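As provided, my_file-v1.txt (compact mmCIF, C-alpha atoms and all ligand atoms) reads as follows.
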# COMPACT_ATOMS: atom_id res chain seq x y z
CA MET A 30 -21.67 14.33 18.94
CA LEU A 31 -18.18 12.92 18.59
CA GLN A 32 -16.01 13.32 15.49
CA PHE A 33 -12.57 11.92 14.85
CA LEU A 34 -9.99 10.78 12.30
CA HIS A 35 -8.90 7.16 12.01
CA THR A 36 -5.56 6.24 10.45
CA ALA A 37 -3.09 3.34 10.76
CA ASP A 38 -0.07 1.77 9.10
CA VAL A 39 1.81 4.99 8.44
CA GLN A 40 4.88 2.69 8.56
CA ILE A 41 7.30 5.55 9.11
CA GLY A 42 10.85 4.39 8.49
CA MET A 43 9.90 1.82 5.91
CA THR A 44 12.40 1.46 3.11
CA ALA A 45 10.85 1.60 -0.31
CA PRO A 46 12.49 -1.19 -2.28
CA GLY A 47 12.15 -1.37 -6.04
CA VAL A 48 11.54 2.32 -6.69
CA GLY A 49 15.15 3.21 -7.43
CA PRO A 50 16.29 6.79 -6.86
CA LEU A 51 12.82 7.74 -5.65
CA ALA A 52 13.15 5.65 -2.47
CA GLN A 53 14.10 8.58 -0.23
CA LYS A 54 11.24 10.77 -1.41
CA VAL A 55 8.74 7.94 -1.08
CA GLN A 56 10.04 7.35 2.45
CA ALA A 57 9.75 11.05 3.35
CA ALA A 58 6.18 11.07 1.99
CA ARG A 59 5.16 8.78 4.86
CA VAL A 60 5.90 11.45 7.48
CA GLU A 61 4.27 14.04 5.23
CA SER A 62 1.10 11.93 5.12
CA LEU A 63 0.99 12.06 8.93
CA GLU A 64 1.36 15.83 8.67
CA ARG A 65 -1.69 15.90 6.40
CA VAL A 66 -3.70 13.81 8.89
CA VAL A 67 -2.76 16.22 11.70
CA ALA A 68 -3.67 19.21 9.50
CA LEU A 69 -7.04 17.60 8.68
CA GLY A 70 -7.66 17.14 12.40
CA ARG A 71 -7.18 20.86 12.90
CA GLU A 72 -9.26 21.91 9.85
CA ARG A 73 -12.19 19.68 10.77
CA ASN A 74 -11.96 20.37 14.47
CA ALA A 75 -11.71 16.66 15.32
CA ASP A 76 -12.22 15.59 18.92
CA PHE A 77 -9.29 13.19 18.60
CA ILE A 78 -7.11 11.26 16.15
CA VAL A 79 -6.79 7.46 16.25
CA ILE A 80 -3.65 5.68 15.02
CA ALA A 81 -4.52 1.96 14.96
CA GLY A 82 -1.01 0.48 15.01
CA ASP A 83 2.14 0.44 12.88
CA LEU A 84 2.73 4.16 13.03
CA PHE A 85 6.35 3.02 12.71
CA GLU A 86 7.81 0.36 10.44
CA ASN A 87 9.61 -1.21 13.43
CA ASN A 88 11.10 -0.41 16.83
CA ARG A 89 14.51 0.43 15.33
CA VAL A 90 13.53 3.55 13.39
CA SER A 91 16.29 6.17 13.50
CA ARG A 92 16.42 8.73 16.28
CA GLU A 93 16.05 11.53 13.75
CA LEU A 94 12.93 10.12 12.09
CA THR A 95 11.39 9.32 15.49
CA MET A 96 11.94 12.93 16.55
CA ARG A 97 10.43 14.20 13.31
CA THR A 98 7.35 12.05 13.90
CA ALA A 99 7.06 13.26 17.51
CA ASP A 100 7.35 16.79 16.20
CA VAL A 101 4.43 16.29 13.80
CA LEU A 102 2.27 14.79 16.58
CA ARG A 103 3.20 17.61 18.97
CA LYS A 104 1.45 20.01 16.59
CA ALA A 105 -1.86 18.10 16.76
CA SER A 106 -4.54 20.33 18.24
CA GLN A 107 -6.43 17.44 19.89
CA PRO A 108 -5.64 14.17 21.73
CA VAL A 109 -3.99 11.42 19.67
CA PHE A 110 -4.77 7.82 20.68
CA ILE A 111 -2.12 5.35 19.52
CA ILE A 112 -1.91 1.58 19.86
CA ALA A 113 1.19 -0.47 19.07
CA GLY A 114 0.85 -2.65 15.95
CA ASN A 115 2.69 -5.84 15.08
CA HIS A 116 5.53 -3.88 13.44
CA ASP A 117 6.01 -1.41 16.31
CA TYR A 118 4.80 -3.82 19.02
CA TYR A 119 4.95 -2.76 22.65
CA GLY A 120 7.68 -4.06 24.98
CA PRO A 121 10.85 -2.97 26.80
CA SER A 122 12.53 -1.97 23.52
CA SER A 123 9.44 -0.20 22.15
CA ILE A 124 9.97 2.96 20.15
CA TYR A 125 7.15 4.50 22.20
CA CYS A 126 9.28 4.26 25.37
CA ARG A 127 12.12 6.25 23.82
CA GLU A 128 12.87 9.74 25.02
CA GLU A 129 12.70 11.21 21.51
CA PHE A 130 9.15 9.93 21.04
CA ARG A 131 7.97 11.13 24.45
CA SER A 132 8.76 14.67 23.33
CA ALA A 133 5.48 14.53 21.36
CA GLY A 134 3.68 15.77 24.48
CA SER A 135 1.02 14.67 26.95
CA HIS A 136 -1.87 14.91 24.46
CA VAL A 137 -0.32 11.94 22.62
CA HIS A 138 -1.56 8.82 24.42
CA VAL A 139 0.17 5.53 23.71
CA LEU A 140 -2.49 3.12 24.99
CA SER A 141 -0.27 0.12 25.61
CA ASP A 142 -2.40 -1.64 28.25
CA ARG A 143 -5.38 -3.70 27.19
CA LYS A 144 -7.87 -2.07 29.50
CA PRO A 145 -10.67 0.46 28.97
CA VAL A 146 -9.63 4.11 29.19
CA VAL A 147 -12.30 6.71 29.93
CA PHE A 148 -11.99 10.23 28.53
CA SER A 149 -14.87 11.79 30.42
CA ASP A 150 -14.58 15.24 28.82
CA LEU A 151 -15.28 13.54 25.46
CA ASP A 152 -17.82 11.11 26.99
CA VAL A 153 -15.98 8.20 25.37
CA THR A 154 -14.47 4.91 26.55
CA ILE A 155 -11.57 3.65 24.43
CA TYR A 156 -10.79 -0.09 24.32
CA PRO A 157 -7.19 -0.24 23.07
CA CYS A 158 -5.73 -3.55 21.82
CA SER A 159 -1.98 -3.01 21.43
CA CYS A 160 0.23 -5.80 20.05
CA PHE A 161 3.09 -7.18 22.16
CA GLU A 162 4.85 -9.27 19.53
CA THR A 163 5.13 -9.61 15.74
CA ARG A 164 2.63 -12.42 15.43
CA SER A 165 0.02 -14.00 17.64
CA PRO A 166 -2.69 -16.63 17.09
CA GLU A 167 -4.89 -14.93 19.68
CA SER A 168 -7.60 -12.41 19.08
CA PRO A 169 -6.53 -8.97 20.35
CA VAL A 170 -10.14 -8.06 21.24
CA ALA A 171 -10.98 -11.19 23.29
CA TRP A 172 -10.51 -9.34 26.60
CA ILE A 173 -13.11 -6.66 25.88
CA ARG A 174 -16.23 -6.36 28.07
CA LYS A 175 -18.19 -3.22 27.35
CA GLN A 176 -18.47 -1.17 30.51
CA PRO A 177 -21.18 1.39 31.28
CA GLY A 178 -20.37 5.01 32.03
CA THR A 179 -19.96 6.96 28.80
CA ALA A 180 -22.15 7.72 25.79
CA TYR A 181 -19.59 6.45 23.24
CA HIS A 182 -17.48 3.28 23.00
CA VAL A 183 -14.60 3.00 20.54
CA CYS A 184 -12.30 -0.01 20.12
CA ILE A 185 -8.85 0.29 18.50
CA ALA A 186 -7.24 -2.96 17.29
CA HIS A 187 -4.55 -4.22 14.93
CA GLY A 188 -4.79 -7.57 13.17
CA ASN A 189 -6.35 -9.69 10.50
CA LEU A 190 -9.76 -10.97 9.48
CA PRO A 191 -9.00 -14.62 8.63
CA ASP A 192 -12.55 -15.02 7.33
CA ARG A 193 -11.45 -12.81 4.46
CA ILE A 194 -7.78 -13.73 4.07
CA ALA A 195 -7.09 -17.43 4.49
CA GLY A 196 -3.87 -18.46 6.20
CA SER A 197 -3.62 -15.38 8.38
CA ASP A 198 -4.50 -17.16 11.64
CA HIS A 199 -1.29 -16.04 13.32
CA ASP A 200 -1.65 -12.33 12.61
CA TYR A 201 -3.87 -11.37 15.54
CA PRO A 202 -7.01 -12.93 14.04
CA MET A 203 -10.41 -11.37 14.67
CA ARG A 204 -13.70 -12.94 13.62
CA ASP A 205 -16.43 -10.92 12.05
CA GLU A 206 -19.08 -12.05 14.56
CA GLU A 207 -16.68 -11.48 17.47
CA LEU A 208 -16.29 -7.84 16.39
CA ARG A 209 -20.04 -7.45 15.90
CA GLY A 210 -20.62 -8.82 19.39
CA LEU A 211 -18.48 -6.20 21.13
CA GLY A 212 -21.26 -3.61 21.05
CA MET A 213 -18.94 -0.77 20.05
CA ASP A 214 -20.01 2.40 18.29
CA TYR A 215 -16.93 2.09 16.11
CA ILE A 216 -14.01 -0.32 15.78
CA ALA A 217 -10.88 1.28 14.29
CA LEU A 218 -8.73 -1.41 12.71
CA GLY A 219 -5.17 -1.35 11.46
CA HIS A 220 -2.87 -3.81 9.61
CA TRP A 221 -4.39 -3.85 6.14
CA HIS A 222 -3.11 -1.12 3.86
CA SER A 223 -6.42 -0.74 2.03
CA VAL A 224 -9.67 0.83 3.19
CA TYR A 225 -12.03 -2.02 4.14
CA PRO A 226 -14.96 -2.19 3.92
CA ASP A 227 -15.70 0.76 1.67
CA PRO A 228 -17.87 2.97 3.91
CA ALA A 229 -19.86 4.05 0.84
CA ASP A 230 -20.89 0.42 0.22
CA ARG A 231 -21.25 -0.78 3.81
CA PRO A 232 -21.88 2.25 6.02
CA ASP A 233 -23.24 0.06 8.85
CA SER A 234 -20.18 -2.15 9.27
CA PRO A 235 -19.16 -2.29 12.98
CA TYR A 236 -15.49 -2.04 12.00
CA PHE A 237 -13.31 -0.36 9.37
CA TYR A 238 -9.72 -0.56 8.23
CA SER A 239 -8.52 2.93 7.33
CA GLY A 240 -5.66 1.56 5.22
CA ALA A 241 -2.32 3.37 4.99
CA PRO A 242 -2.49 7.16 4.47
CA GLU A 243 0.28 6.80 1.89
CA PRO A 244 0.54 3.70 -0.33
CA THR A 245 3.49 1.42 0.41
CA LYS A 246 3.87 -0.50 -2.86
CA PHE A 247 2.50 -1.51 -6.25
CA GLY A 248 -0.68 -3.53 -6.24
CA GLU A 249 -2.25 -1.98 -3.13
CA ASP A 250 -5.86 -1.02 -3.82
CA ASN A 251 -7.71 1.71 -1.93
CA SER A 252 -4.67 2.90 -0.09
CA GLY A 253 -3.91 6.58 0.62
CA TYR A 254 -6.92 7.60 2.71
CA VAL A 255 -7.87 8.47 6.26
CA LEU A 256 -11.36 7.83 7.66
CA TRP A 257 -13.50 10.61 9.09
CA VAL A 258 -16.00 9.36 11.66
CA GLU A 259 -18.99 11.24 13.08
CA LEU A 260 -20.87 9.64 15.97
CA ASP A 261 -24.15 10.72 17.40
CA THR A 262 -26.15 8.85 20.03
CA SER A 263 -28.50 7.67 17.29
CA SER A 264 -26.44 7.75 14.08
CA ARG A 265 -22.99 7.32 12.63
CA SER A 266 -21.27 8.37 9.43
CA VAL A 267 -17.92 7.21 8.07
CA SER A 268 -16.21 8.65 4.99
CA THR A 269 -12.84 8.53 3.26
CA VAL A 270 -10.58 11.56 2.85
CA PRO A 271 -7.61 11.27 0.43
CA THR A 272 -4.18 11.88 1.98
CA SER A 273 -1.61 10.34 -0.34
CA CYS A 274 1.13 12.07 -2.27
CA TYR A 275 2.35 9.24 -4.50
CA GLN A 276 0.21 7.00 -6.67
CA PHE A 277 1.37 3.47 -7.52
CA GLU A 278 -0.18 2.05 -10.69
CA GLU A 279 0.31 -1.42 -12.05
CA LEU A 280 -0.81 -1.66 -15.69
CA SER A 281 -0.88 -4.82 -17.81
CA TYR A 282 -0.98 -5.01 -21.59
CA GLU A 283 -1.05 -7.71 -24.21
CA ILE A 284 0.91 -6.41 -27.21
CA HIS A 285 0.74 -7.78 -30.72
CA GLY A 286 1.20 -4.72 -32.87
CA ALA A 287 1.79 -0.99 -32.94
CA GLU A 288 -1.94 -0.34 -32.34
CA ASN A 289 -1.57 -1.69 -28.78
CA LEU A 290 1.19 0.84 -28.08
CA SER A 291 -1.03 3.84 -28.56
CA ALA A 292 -3.37 2.48 -25.86
CA ILE A 293 -0.48 2.51 -23.36
CA GLY A 294 0.39 6.10 -24.26
CA ARG A 295 -3.25 7.19 -23.92
CA ASP A 296 -3.65 5.50 -20.53
CA ILE A 297 -0.56 7.23 -19.13
CA GLU A 298 -1.67 10.58 -20.56
CA ALA A 299 -4.97 10.22 -18.69
CA PHE A 300 -3.32 10.37 -15.24
CA ALA A 301 -3.70 13.85 -13.81
CA LYS A 302 -0.54 14.08 -11.70
CA LYS A 303 2.32 12.40 -13.50
CA GLU A 304 5.05 13.94 -11.35
CA THR A 305 3.94 11.80 -8.40
CA LEU A 306 2.97 8.73 -10.42
CA LEU A 307 4.88 5.45 -10.10
CA VAL A 308 4.12 2.99 -12.90
CA LYS A 309 4.76 -0.69 -13.30
CA LEU A 310 4.11 -1.87 -16.86
CA ALA A 311 3.60 -5.62 -17.21
CA LEU A 312 3.83 -6.57 -20.87
CA ALA A 313 3.03 -9.82 -22.64
CA GLY A 314 2.65 -10.88 -26.26
CA VAL A 315 4.70 -11.63 -29.36
CA ILE A 316 6.05 -8.66 -31.32
CA SER A 317 8.25 -7.87 -34.29
CA VAL A 318 11.57 -6.07 -34.02
CA ASP A 319 9.98 -2.93 -35.44
CA VAL A 320 7.27 -2.90 -32.75
CA ARG A 321 9.91 -3.58 -30.09
CA GLU A 322 11.82 -0.50 -31.21
CA GLN A 323 8.67 1.64 -31.11
CA LEU A 324 7.92 0.25 -27.65
CA ASP A 325 11.39 1.18 -26.41
CA ARG A 326 10.89 4.76 -27.63
CA LEU A 327 7.48 4.89 -25.94
CA THR A 328 8.75 3.63 -22.57
CA ALA A 329 11.64 6.13 -22.72
CA ASP A 330 9.05 8.92 -23.19
CA ILE A 331 6.93 7.60 -20.32
CA ALA A 332 9.98 7.36 -18.04
CA ARG A 333 10.61 11.08 -18.63
CA MET A 334 6.97 11.94 -17.84
CA VAL A 335 6.36 10.02 -14.61
CA ALA A 336 8.13 9.88 -11.24
CA PHE A 337 9.19 6.27 -11.68
CA LEU A 338 8.75 3.55 -14.29
CA VAL A 339 9.55 -0.14 -14.18
CA VAL A 340 8.87 -2.38 -17.19
CA ARG A 341 8.32 -6.12 -16.70
CA ASP A 342 8.68 -7.66 -20.16
CA ASP A 343 9.70 -11.27 -19.41
CA ALA A 344 6.46 -12.39 -21.04
CA LEU A 345 7.03 -10.31 -24.15
CA VAL A 346 8.74 -12.25 -26.93
CA LEU A 347 10.42 -11.01 -30.04
CA ALA A 348 9.53 -12.71 -33.33
CA PRO A 349 11.31 -11.08 -36.28
CA THR A 350 9.18 -10.93 -39.47
CA ASP A 351 10.40 -12.32 -42.82
CA ASP A 352 11.45 -8.80 -43.84
CA GLU A 353 13.36 -8.33 -40.63
CA LEU A 354 15.11 -11.67 -41.14
CA ALA A 355 15.98 -10.65 -44.68
CA ARG A 356 18.12 -7.82 -43.31
CA PHE A 357 20.71 -10.56 -42.83
CA SER A 358 22.42 -11.73 -45.98
CA ALA A 359 20.36 -14.41 -47.68
CA GLY A 360 21.80 -17.89 -47.20
CA GLY A 361 24.30 -16.63 -44.62
CA ILE A 362 24.68 -18.57 -41.42
CA SER A 363 22.93 -15.94 -39.30
CA ALA A 364 19.88 -15.88 -41.54
CA ARG A 365 19.81 -19.71 -41.57
CA LEU A 366 20.08 -19.88 -37.79
CA LEU A 367 17.29 -17.37 -37.32
CA SER A 368 14.97 -18.96 -39.83
CA ARG A 369 15.53 -22.44 -38.33
CA LEU A 370 14.79 -21.11 -34.87
CA ARG A 371 11.66 -19.54 -36.23
CA GLN A 372 10.61 -22.80 -37.86
CA ARG A 373 11.15 -24.58 -34.53
CA HIS A 374 9.15 -21.84 -32.82
CA ASP A 375 6.24 -22.27 -35.22
CA ASP A 376 6.27 -26.07 -34.88
CA ALA A 377 6.77 -26.15 -31.12
CA SER A 378 4.15 -27.15 -28.60
CA ASP A 379 2.56 -24.35 -26.58
CA SER A 380 4.77 -25.08 -23.61
CA GLU A 381 8.00 -24.94 -25.64
CA ARG A 382 7.19 -22.03 -27.93
CA ALA A 383 8.25 -19.37 -25.45
CA GLN A 384 11.79 -20.73 -25.16
CA TYR A 385 12.27 -20.57 -28.95
CA ALA A 386 10.90 -17.03 -28.97
CA ARG A 387 13.43 -16.07 -26.28
CA ALA A 388 16.22 -17.73 -28.27
CA ILE A 389 15.25 -15.77 -31.41
CA ALA A 390 15.24 -12.51 -29.46
CA LEU A 391 18.64 -13.29 -27.95
CA VAL A 392 20.25 -14.28 -31.26
CA TYR A 393 18.70 -11.35 -33.12
CA ASN A 394 19.92 -8.84 -30.56
CA MET A 395 23.43 -10.34 -30.60
CA LEU A 396 23.60 -10.24 -34.39
CA ARG A 397 22.48 -6.67 -34.78
CA GLU A 398 24.92 -5.34 -32.22
CA PRO A 399 27.86 -3.63 -33.90
CA ALA A 400 30.86 -5.97 -33.81
MN MN B 1 0.60 -4.55 10.83
In structure tokens, how does this file's structure come out?
Amino acid sequence: MLQFLHTADVQIGMTAPGVGPLAQKVQAARVESLERVVALGRERNADFIVIAGDLFENNRVSRELTMRTADVLRKASQPVFIIAGNHDYYGPSSIYCREEFRSAGSHVHVLSDRKPVVFSDLDVTIYPCSCFETRSPESPVAWIRKQPGTAYHVCIAHGNLPDRIAGSDHDYPMRDEELRGLGMDYIALGHWHSVYPDPADRPDSPYFYSGAPEPTKFGEDNSGYVLWVELDTSSRSVSTVPTSCYQFEELSYEIHGAENLSAIGRDIEAFAKKETLLVKLALAGVISVDVREQLDRLTADIARMVAFLVVRDDALVLAPTDDELARFSAGGISARLLSRLRQRHDDASDSERAQYARAIALVYNMLREPA
């Protein structure tokens, strides 16, 4: 029986653009996610921990952060097997050659050579496939020939499956059938930030991406997990364990009236942990000035509730109602301008309507500003 944790793409040192004042905390959460993986290893009495590349964002991560990472790994109570990914690729300037990283200790194995490594006390042969540059058109697993000698065989690789993502032929491509043909008990992959495949759906897959233990941005599905693997000579089980601190949610709404606003409020309310929730609201539709004002109050409330909020409203256009237009003196030039723009808007072709809606919003906002 062999049991271990599989993680990858911790991307320590990555800057978190687009999350404003939260950037530092989101950055710190990446090291904290590694701490949780190490703690899980201890709790579950893992035989080892696999880090399948891109532990670091690049080879220029600060000395301080490198030392902090080494410190976390030093506390692991079992061997840690690391390969270099395409971000922290192995070479003379590798972060893994630096003194501050080496302080992690001798149980932390950076498996930089592409050759089988036997850990006889665990009865396992590891086939590590480190990266040596940022991109490569060659398969990182092409060199592997399964060798006899141990009960278990585990491959660790970092790259892409071009059969699933077209145009990724230069990111260390690996073919599905190539991976199947290796005869491994488990292939631990890194590079994708999402768990793939879902072990609940495809428990017999020869390979798995663990995804990043902490999400890196909006729009990343199934990120924030580590995989727990149990191998027996006749069976295998793979399951996900949540490790993330922050949750990135991208929500889209079509808004036409106040009734759509309450749906947004309800959806946000439904999230259990708002203090670690980052929300991107993508809004589209045509709304009156009154609805716009209600929306602004709602988003201000949401911003106070969650860790971070960004509102994308380029596709949301303002169309003042007749009553709203009447707030301007009848027959005055502003009312005439607005009503003509609205007439143009109503008569315009589909492709031109949006520009008139934007013009109305712009003029309306300028007119209602105090002089
Ligand atoms: Mn990568």
Out of A:Arg89, A:Arg174, A:Asp205, A:Gly219, which residue has the shortest atom-to-atom distance to ligand MN 1 (chain B) when counting only C-alpha atoms and all ligand atoms?
-> A:Gly219
Excluding Phe33 (chain A) and residues on its chain fewer than 5 positions from it, collect all residues at most 8 Å away from it, counting only C-alpha atoms, and give them as a list in words.
->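 Everything that qualifies: Gly70, Ala75, Asp76, Phe77, Ile78, Val79, Trp257, Val258 and Glu259 of chain A.
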Return as a ChimeraX atom specification the residues of protein, DNA or RNA that approach ligand MN 1 (chain B) to within 10 Å, with all atoms listed in the file taken into account.
-> /A:37-40,81-87,113-118,160,163-164,187-189,200-201,219-222
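Within the 7 Å cut-off around Met96 (chain A), using all atoms listed in the file and omitting residues fewer than 3 positions from it on the same chain, the listed residues are A:Arg92, A:Glu93, A:Ala99, A:Asp100, A:Glu129, A:Phe130.
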Could you list, with a cut-off of 12 Å and counting all atoms listed in the file, the residues of region 37-74 of chain A near region 276-287 of chain A, each shown with its nearest atom pair and the distance in Å rounded to one decimal, rows sorted by chain and ascending number, as a Markdown table?
| residue | atom | partner | partner_atom | distance |
| --- | --- | --- | --- | --- |
| A:Gly47 | CA | A:Phe277 | CA | 11.9 |
| A:Val48 | CA | A:Phe277 | CA | 10.3 |
| A:Val55 | CA | A:Gln276 | CA | 10.2 |
| A:Ala58 | CA | A:Gln276 | CA | 11.3 |
For region 367-380 of chain A: contacts at 10 Å, all atoms listed in the file, fewer than 3 positions along chain excluded, given as a list in words | Ala348, Pro349, Thr350, Asp351, Leu354, Ala355, Phe357, Ile362, Ser363, Ala364, Ala383, Gln384, Tyr385, Ala386, Arg387, Ala388, Ile389, Ala390, Val392, Tyr393 and Leu396 of chain A
With C-alpha atoms retained, export the selected residues as an mmCIF file, in the frame of the given file.
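Now in again.cif:
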data_model
loop_
_atom_site.group_PDB
_atom_site.id
_atom_site.type_symbol
_atom_site.label_atom_id
_atom_site.label_comp_id
_atom_site.auth_asym_id
_atom_site.auth_seq_id
_atom_site.Cartn_x
_atom_site.Cartn_y
_atom_site.Cartn_z
ATOM 1 C CA ALA A 348 9.530 -12.710 -33.330
ATOM 2 C CA PRO A 349 11.310 -11.080 -36.280
ATOM 3 C CA THR A 350 9.180 -10.930 -39.470
ATOM 4 C CA ASP A 351 10.400 -12.320 -42.820
ATOM 5 C CA LEU A 354 15.110 -11.670 -41.140
ATOM 6 C CA ALA A 355 15.980 -10.650 -44.680
ATOM 7 C CA PHE A 357 20.710 -10.560 -42.830
ATOM 8 C CA ILE A 362 24.680 -18.570 -41.420
ATOM 9 C CA SER A 363 22.930 -15.940 -39.300
ATOM 10 C CA ALA A 364 19.880 -15.880 -41.540
ATOM 11 C CA ALA A 383 8.250 -19.370 -25.450
ATOM 12 C CA GLN A 384 11.790 -20.730 -25.160
ATOM 13 C CA TYR A 385 12.270 -20.570 -28.950
ATOM 14 C CA ALA A 386 10.900 -17.030 -28.970
ATOM 15 C CA ARG A 387 13.430 -16.070 -26.280
ATOM 16 C CA ALA A 388 16.220 -17.730 -28.270
ATOM 17 C CA ILE A 389 15.250 -15.770 -31.410
ATOM 18 C CA ALA A 390 15.240 -12.510 -29.460
ATOM 19 C CA VAL A 392 20.250 -14.280 -31.260
ATOM 20 C CA TYR A 393 18.700 -11.350 -33.120
ATOM 21 C CA LEU A 396 23.600 -10.240 -34.390
#
Close residues, Pro226 (chain A) itself excluded, 9 Å, all atoms listed in the file, min 6 positions apart in chain, as a PDB file with C-alpha atoms, in the frame of the given file:
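As written to disk, out36.pdb reads:
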ATOM      1  CA  PRO A 232     -21.880   2.250   6.020  1.00  0.00           C
ATOM      2  CA  SER A 234     -20.180  -2.150   9.270  1.00  0.00           C
ATOM      3  CA  TYR A 236     -15.490  -2.040  12.000  1.00  0.00           C
ATOM      4  CA  PHE A 237     -13.310  -0.360   9.370  1.00  0.00           C
ATOM      5  CA  TYR A 238      -9.720  -0.560   8.230  1.00  0.00           C
ATOM      6  CA  SER A 239      -8.520   2.930   7.330  1.00  0.00           C
TER       7      SER A 239
END
Spatial neighbours of Tyr181 (chain A), max dist 9 Å, only C-alpha atoms, sep filter under 4 positions, as a short mmCIF file (atom, residue, chain, number, x, y, z; two decimals) with C-alpha atoms, keeping the file's coordinate frame:
data_model
loop_
_atom_site.label_atom_id
_atom_site.label_comp_id
_atom_site.auth_asym_id
_atom_site.auth_seq_id
_atom_site.Cartn_x
_atom_site.Cartn_y
_atom_site.Cartn_z
CA LEU A 31 -18.18 12.92 18.59
CA LEU A 151 -15.28 13.54 25.46
CA ASP A 152 -17.82 11.11 26.99
CA VAL A 153 -15.98 8.20 25.37
CA THR A 154 -14.47 4.91 26.55
CA ILE A 155 -11.57 3.65 24.43
CA MET A 213 -18.94 -0.77 20.05
CA ASP A 214 -20.01 2.40 18.29
CA TYR A 215 -16.93 2.09 16.11
CA LEU A 260 -20.87 9.64 15.97
CA ASP A 261 -24.15 10.72 17.40
CA THR A 262 -26.15 8.85 20.03
#
Considering all atoms listed in the file, state which residue in the set A:Lys246, A:His182, A:His35, A:Arg65 is at the smallest distance from Val267 (chain A).
-> A:His35
Quote the spacing between CA of Val137 (chain A) and CA of Gln107 (chain A) in Å to one decimal place.
->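 Pair CA of Val137 (chain A) / CA of Gln107 (chain A) returns 8.7 Å.
Atom pair CA of Val183 (chain A) / CA of Ser106 (chain A): separated by 20.2 Å.
Between Pro46 (chain A) and the candidates A:Pro166, A:Tyr254, A:Thr245, A:Val146, the tightest atom-to-atom separation, counting all atoms listed in the file, involves A:Thr245.
Closest approach to Thr328 (chain A) among A:Pro235, A:Gly314, A:Gly212, A:Gly294: A:Gly294, based on all atoms listed in the file.
If you look at CA of Gln56 (chain A) and CA of Val255 (chain A), they are 18.3 Å away from each other.
Distance check against Asp296 (chain A) using all atoms listed in the file: of A:Cys274, A:Thr95, A:Arg341, A:Ile331, the minimum falls on A:Ile331.
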Take every atom of region 116-131 of chain A listed in the file, fit an axis-aligned box around them, add 6 Å per side, and give the centre and edge lengths in Å to one decimal as JSON.
{"center_x": 8.8, "center_y": 3.6, "center_z": 20.1, "size_x": 20.1, "size_y": 27.3, "size_z": 25.4}
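Compared by their closest atoms to Asp250 (chain A), and using all atoms listed in the file, the residues A:Ser223, A:Ser263, A:Asp230, A:Pro145 rank with A:Ser223 nearest.
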For region 60-69 of chain A, supply N, CA, C and O atoms and report the output as a PDB file, in the frame of the given file.
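And here's part_32.pdb as it stands now:
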ATOM      1  N   VAL A  60       6.027  10.466   6.390  1.00  0.00           N
ATOM      2  CA  VAL A  60       5.900  11.450   7.480  1.00  0.00           C
ATOM      3  C   VAL A  60       4.982  12.584   7.024  1.00  0.00           C
ATOM      4  O   VAL A  60       4.166  13.085   7.791  1.00  0.00           O
ATOM      5  N   GLU A  61       5.118  12.950   5.762  1.00  0.00           N
ATOM      6  CA  GLU A  61       4.270  14.040   5.230  1.00  0.00           C
ATOM      7  C   GLU A  61       2.792  13.641   5.252  1.00  0.00           C
ATOM      8  O   GLU A  61       1.930  14.493   5.458  1.00  0.00           O
ATOM      9  N   SER A  62       2.511  12.353   5.070  1.00  0.00           N
ATOM     10  CA  SER A  62       1.100  11.930   5.120  1.00  0.00           C
ATOM     11  C   SER A  62       0.564  12.089   6.543  1.00  0.00           C
ATOM     12  O   SER A  62      -0.598  12.447   6.733  1.00  0.00           O
ATOM     13  N   LEU A  63       1.415  11.846   7.537  1.00  0.00           N
ATOM     14  CA  LEU A  63       0.990  12.060   8.930  1.00  0.00           C
ATOM     15  C   LEU A  63       0.745  13.543   9.180  1.00  0.00           C
ATOM     16  O   LEU A  63      -0.201  13.919   9.881  1.00  0.00           O
ATOM     17  N   GLU A  64       1.571  14.378   8.569  1.00  0.00           N
ATOM     18  CA  GLU A  64       1.360  15.830   8.670  1.00  0.00           C
ATOM     19  C   GLU A  64      -0.008  16.217   8.123  1.00  0.00           C
ATOM     20  O   GLU A  64      -0.705  17.054   8.699  1.00  0.00           O
ATOM     21  N   ARG A  65      -0.389  15.585   6.993  1.00  0.00           N
ATOM     22  CA  ARG A  65      -1.690  15.900   6.400  1.00  0.00           C
ATOM     23  C   ARG A  65      -2.835  15.440   7.309  1.00  0.00           C
ATOM     24  O   ARG A  65      -3.849  16.120   7.428  1.00  0.00           O
ATOM     25  N   VAL A  66      -2.649  14.288   7.969  1.00  0.00           N
ATOM     26  CA  VAL A  66      -3.700  13.810   8.890  1.00  0.00           C
ATOM     27  C   VAL A  66      -3.848  14.802  10.048  1.00  0.00           C
ATOM     28  O   VAL A  66      -4.969  15.179  10.414  1.00  0.00           O
ATOM     29  N   VAL A  67      -2.727  15.258  10.595  1.00  0.00           N
ATOM     30  CA  VAL A  67      -2.760  16.220  11.700  1.00  0.00           C
ATOM     31  C   VAL A  67      -3.405  17.543  11.251  1.00  0.00           C
ATOM     32  O   VAL A  67      -4.225  18.131  11.966  1.00  0.00           O
ATOM     33  N   ALA A  68      -3.072  17.975  10.030  1.00  0.00           N
ATOM     34  CA  ALA A  68      -3.670  19.210   9.500  1.00  0.00           C
ATOM     35  C   ALA A  68      -5.176  19.054   9.309  1.00  0.00           C
ATOM     36  O   ALA A  68      -5.949  19.968   9.615  1.00  0.00           O
ATOM     37  N   LEU A  69      -5.599  17.877   8.837  1.00  0.00           N
ATOM     38  CA  LEU A  69      -7.040  17.600   8.680  1.00  0.00           C
ATOM     39  C   LEU A  69      -7.752  17.653  10.022  1.00  0.00           C
ATOM     40  O   LEU A  69      -8.870  18.152  10.123  1.00  0.00           O
TER      41      LEU A  69
END
